[in-house]
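Colleague: Provided herewith is a single structure, encoded as structure tokens, for subsequent inquiry.
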Amino acid sequence: MSIITVFGFISIPEADLEAVTQALPEHIKLTLAEPGCLTFSVTPSSIDPRRYEVYEEFVDQQAFDDHQQRALASEWAVVSKNVSRFYQGTVDD
């Protein structure tokens with residue numbers, strides 16, 4: 001099993017902040033319910049209200065790919081289309 005870990009942050013434009021923060025709990029809930037999701041958190045920064053820290057782990061590349069496909073076809077993709085994403089990832093065998 002190769003665990004896929006992604007971490008970083010998102011930066012939300014001021015104009016989209018309310019819509020994105022309202023949609024976020026459902027996105028987190030749906031992601032955590034996905035097969036192969038080990039952990040998924042998106043937490044507000046204590047310094048910048050438009051920045052959210054992201055940390056996620058999936059059991060393997062397929063689970064991560066499935067997550068990406070589900071997210072791209074979700075309401076989250078529409079609501080967060082203007083969000084800037086800054087991620088890094090690792091694969092742990």
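Scheme for the structure tokens: letters A, B, ... for chains in order shown; per-chain residue numbers from 1; ligand numbers from 1 in order shown.
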So that I can see what lies close to Glu53 in chain A, please list as a list in words the residues with an atom at most 10 Å from it, counting only C-alpha atoms and leaving out residues fewer than 3 positions away in the same chain.
Modeller: Phe7, Gly8, Phe9, Ile10, Ser11, Ser41, Val42, Thr43, Pro44, Ser45, Ser46, Phe86 and Tyr87 of chain A
Colleague: Looking only at the backbone, which of the residues in range 14-62 of chain A does DSSP tag as strand (DSSP E or B), as a list in words?
Modeller: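 Answer for range 14-62 of chain A, restricted to strand (DSSP E or B): Cys37, Leu38, Thr39, Phe40, Ser41, Val42, Thr43, Pro44, Arg51, Tyr52, Glu53, Val54, Tyr55, Glu56, Glu57 and Phe58 of chain A.
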Colleague: CA of Thr21 in chain A to CA of Arg51 in chain A: how many Å, to one decimal?
Modeller: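 Interatomic distance here is 10.8 Å.
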Colleague: For Leu72 in chain A, which residue out of A:Val6, A:Asp16, A:His27, A:Glu57 is the nearest one, using only C-alpha atoms?
Modeller: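 Among the listed residues, the smallest separation from Leu72 in chain A belongs to A:His27.
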Colleague: Where in chain A does DSSP assign helix (DSSP H, G or I), given as a tab-separated table (two decimals) with N, CA, C and O atoms, in the first residue's frame?
Modeller:
```tsv
chain	number	residue	atom	x	y	z
A	14	GLU	N	-11.83	37.13	-1.63
A	14	GLU	CA	-12.79	37.75	-0.71
A	14	GLU	C	-14.23	37.61	-1.20
A	14	GLU	O	-15.13	37.32	-0.42
A	15	ALA	N	-14.44	37.80	-2.49
A	15	ALA	CA	-15.79	37.74	-3.06
A	15	ALA	C	-16.42	36.35	-2.96
A	15	ALA	O	-17.64	36.22	-2.97
A	16	ASP	N	-15.60	35.32	-2.84
A	16	ASP	CA	-16.09	33.94	-2.79
A	16	ASP	C	-16.05	33.34	-1.39
A	16	ASP	O	-16.48	32.20	-1.19
A	17	LEU	N	-15.55	34.09	-0.44
A	17	LEU	CA	-15.29	33.54	0.90
A	17	LEU	C	-16.54	32.95	1.54
A	17	LEU	O	-16.51	31.82	2.05
A	18	GLU	N	-17.64	33.65	1.51
A	18	GLU	CA	-18.85	33.16	2.16
A	18	GLU	C	-19.35	31.88	1.51
A	18	GLU	O	-19.66	30.89	2.18
A	19	ALA	N	-19.44	31.85	0.18
A	19	ALA	CA	-19.94	30.67	-0.52
A	19	ALA	C	-19.03	29.45	-0.30
A	19	ALA	O	-19.51	28.34	-0.07
A	20	VAL	N	-17.73	29.67	-0.36
A	20	VAL	CA	-16.79	28.56	-0.18
A	20	VAL	C	-16.85	28.03	1.25
A	20	VAL	O	-16.90	26.81	1.46
A	21	THR	N	-16.87	28.90	2.23
A	21	THR	CA	-16.91	28.42	3.61
A	21	THR	C	-18.23	27.73	3.93
A	21	THR	O	-18.26	26.81	4.75
A	22	GLN	N	-19.30	28.13	3.28
A	22	GLN	CA	-20.58	27.43	3.48
A	22	GLN	C	-20.59	26.06	2.82
A	22	GLN	O	-21.20	25.13	3.33
A	23	ALA	N	-19.89	25.91	1.69
A	23	ALA	CA	-19.85	24.63	0.97
A	23	ALA	C	-18.82	23.67	1.56
A	23	ALA	O	-18.90	22.46	1.33
A	24	LEU	N	-17.88	24.19	2.28
A	24	LEU	CA	-16.77	23.37	2.78
A	24	LEU	C	-17.19	22.20	3.67
A	24	LEU	O	-16.69	21.08	3.48
A	25	PRO	N	-18.09	22.35	4.63
A	25	PRO	CA	-18.45	21.19	5.47
A	25	PRO	C	-18.99	20.00	4.66
A	25	PRO	O	-18.64	18.86	4.96
A	26	GLU	N	-19.78	20.26	3.65
A	26	GLU	CA	-20.30	19.16	2.83
A	26	GLU	C	-19.18	18.51	2.02
A	26	GLU	O	-19.13	17.28	1.89
A	27	HIS	N	-18.27	19.31	1.51
A	27	HIS	CA	-17.12	18.77	0.77
A	27	HIS	C	-16.27	17.87	1.68
A	27	HIS	O	-15.87	16.77	1.28
A	28	ILE	N	-16.03	18.32	2.89
A	28	ILE	CA	-15.26	17.52	3.84
A	28	ILE	C	-16.00	16.22	4.17
A	28	ILE	O	-15.41	15.14	4.16
A	29	LYS	N	-17.29	16.32	4.44
A	29	LYS	CA	-18.10	15.15	4.77
A	29	LYS	C	-18.07	14.11	3.63
A	29	LYS	O	-17.85	12.91	3.87
A	30	LEU	N	-18.28	14.57	2.41
A	30	LEU	CA	-18.28	13.65	1.26
A	30	LEU	C	-16.91	13.03	1.04
A	30	LEU	O	-16.80	11.84	0.71
A	31	THR	N	-15.86	13.81	1.22
A	31	THR	CA	-14.51	13.29	1.04
A	31	THR	C	-14.19	12.23	2.09
A	31	THR	O	-13.67	11.16	1.77
A	32	LEU	N	-14.52	12.50	3.34
A	32	LEU	CA	-14.25	11.53	4.40
A	32	LEU	C	-15.01	10.23	4.21
A	32	LEU	O	-14.58	9.17	4.68
A	61	GLN	N	-2.94	5.52	-4.88
A	61	GLN	CA	-3.14	6.46	-5.99
A	61	GLN	C	-4.56	6.36	-6.55
A	61	GLN	O	-5.16	7.38	-6.89
A	62	GLN	N	-5.10	5.16	-6.64
A	62	GLN	CA	-6.45	5.00	-7.18
A	62	GLN	C	-7.48	5.72	-6.31
A	62	GLN	O	-8.38	6.39	-6.83
A	63	ALA	N	-7.36	5.59	-5.01
A	63	ALA	CA	-8.30	6.28	-4.11
A	63	ALA	C	-8.18	7.79	-4.26
A	63	ALA	O	-9.19	8.51	-4.28
A	64	PHE	N	-6.96	8.28	-4.41
A	64	PHE	CA	-6.76	9.72	-4.61
A	64	PHE	C	-7.35	10.16	-5.96
A	64	PHE	O	-8.03	11.19	-6.04
A	65	ASP	N	-7.10	9.38	-7.00
A	65	ASP	CA	-7.65	9.70	-8.33
A	65	ASP	C	-9.18	9.70	-8.29
A	65	ASP	O	-9.81	10.58	-8.89
A	66	ASP	N	-9.76	8.73	-7.60
A	66	ASP	CA	-11.22	8.68	-7.47
A	66	ASP	C	-11.73	9.92	-6.74
A	66	ASP	O	-12.77	10.49	-7.11
A	67	HIS	N	-11.01	10.36	-5.72
A	67	HIS	CA	-11.39	11.57	-5.00
A	67	HIS	C	-11.36	12.77	-5.94
A	67	HIS	O	-12.30	13.58	-5.96
A	68	GLN	N	-10.31	12.88	-6.72
A	68	GLN	CA	-10.20	14.01	-7.65
A	68	GLN	C	-11.37	14.02	-8.64
A	68	GLN	O	-11.95	15.08	-8.91
A	69	GLN	N	-11.73	12.87	-9.16
A	69	GLN	CA	-12.84	12.79	-10.11
A	69	GLN	C	-14.16	13.16	-9.45
A	69	GLN	O	-14.98	13.88	-10.03
A	70	ARG	N	-14.39	12.67	-8.23
A	70	ARG	CA	-15.63	13.01	-7.54
A	70	ARG	C	-15.70	14.50	-7.27
A	70	ARG	O	-16.71	15.16	-7.51
A	71	ALA	N	-14.60	15.05	-6.79
A	71	ALA	CA	-14.58	16.48	-6.45
A	71	ALA	C	-14.80	17.35	-7.69
A	71	ALA	O	-15.51	18.35	-7.63
A	72	LEU	N	-14.22	16.95	-8.81
A	72	LEU	CA	-14.38	17.74	-10.04
A	72	LEU	C	-15.82	17.73	-10.56
A	72	LEU	O	-16.22	18.66	-11.26
A	75	GLU	N	-20.58	19.94	-6.56
A	75	GLU	CA	-20.90	21.35	-6.35
A	75	GLU	C	-19.67	22.10	-5.84
A	75	GLU	O	-19.49	23.29	-6.13
A	76	TRP	N	-18.81	21.42	-5.09
A	76	TRP	CA	-17.59	22.04	-4.59
A	76	TRP	C	-16.74	22.61	-5.73
A	76	TRP	O	-16.19	23.71	-5.61
A	77	ALA	N	-16.65	21.89	-6.83
A	77	ALA	CA	-15.86	22.37	-7.98
A	77	ALA	C	-16.41	23.68	-8.51
A	77	ALA	O	-15.64	24.58	-8.88
A	78	VAL	N	-17.72	23.81	-8.53
A	78	VAL	CA	-18.35	25.04	-9.03
A	78	VAL	C	-18.08	26.19	-8.05
A	78	VAL	O	-17.64	27.28	-8.45
A	79	VAL	N	-18.34	25.95	-6.78
A	79	VAL	CA	-18.22	26.99	-5.76
A	79	VAL	C	-16.76	27.44	-5.58
A	79	VAL	O	-16.49	28.62	-5.35
```
Colleague: From the options A:Ile47, A:Val83, A:Val59, A:Ala73, which residue's atoms come nearest to Ser2 in chain A, counting only C-alpha atoms?
Modeller: A:Val59
Colleague: Which one is closest to Asp93 in chain A: A:Lys81, A:Pro35, A:Ser74, A:Asp60? Count only C-alpha atoms.
Modeller: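 Closest to Asp93 in chain A of all the choices is A:Asp60.
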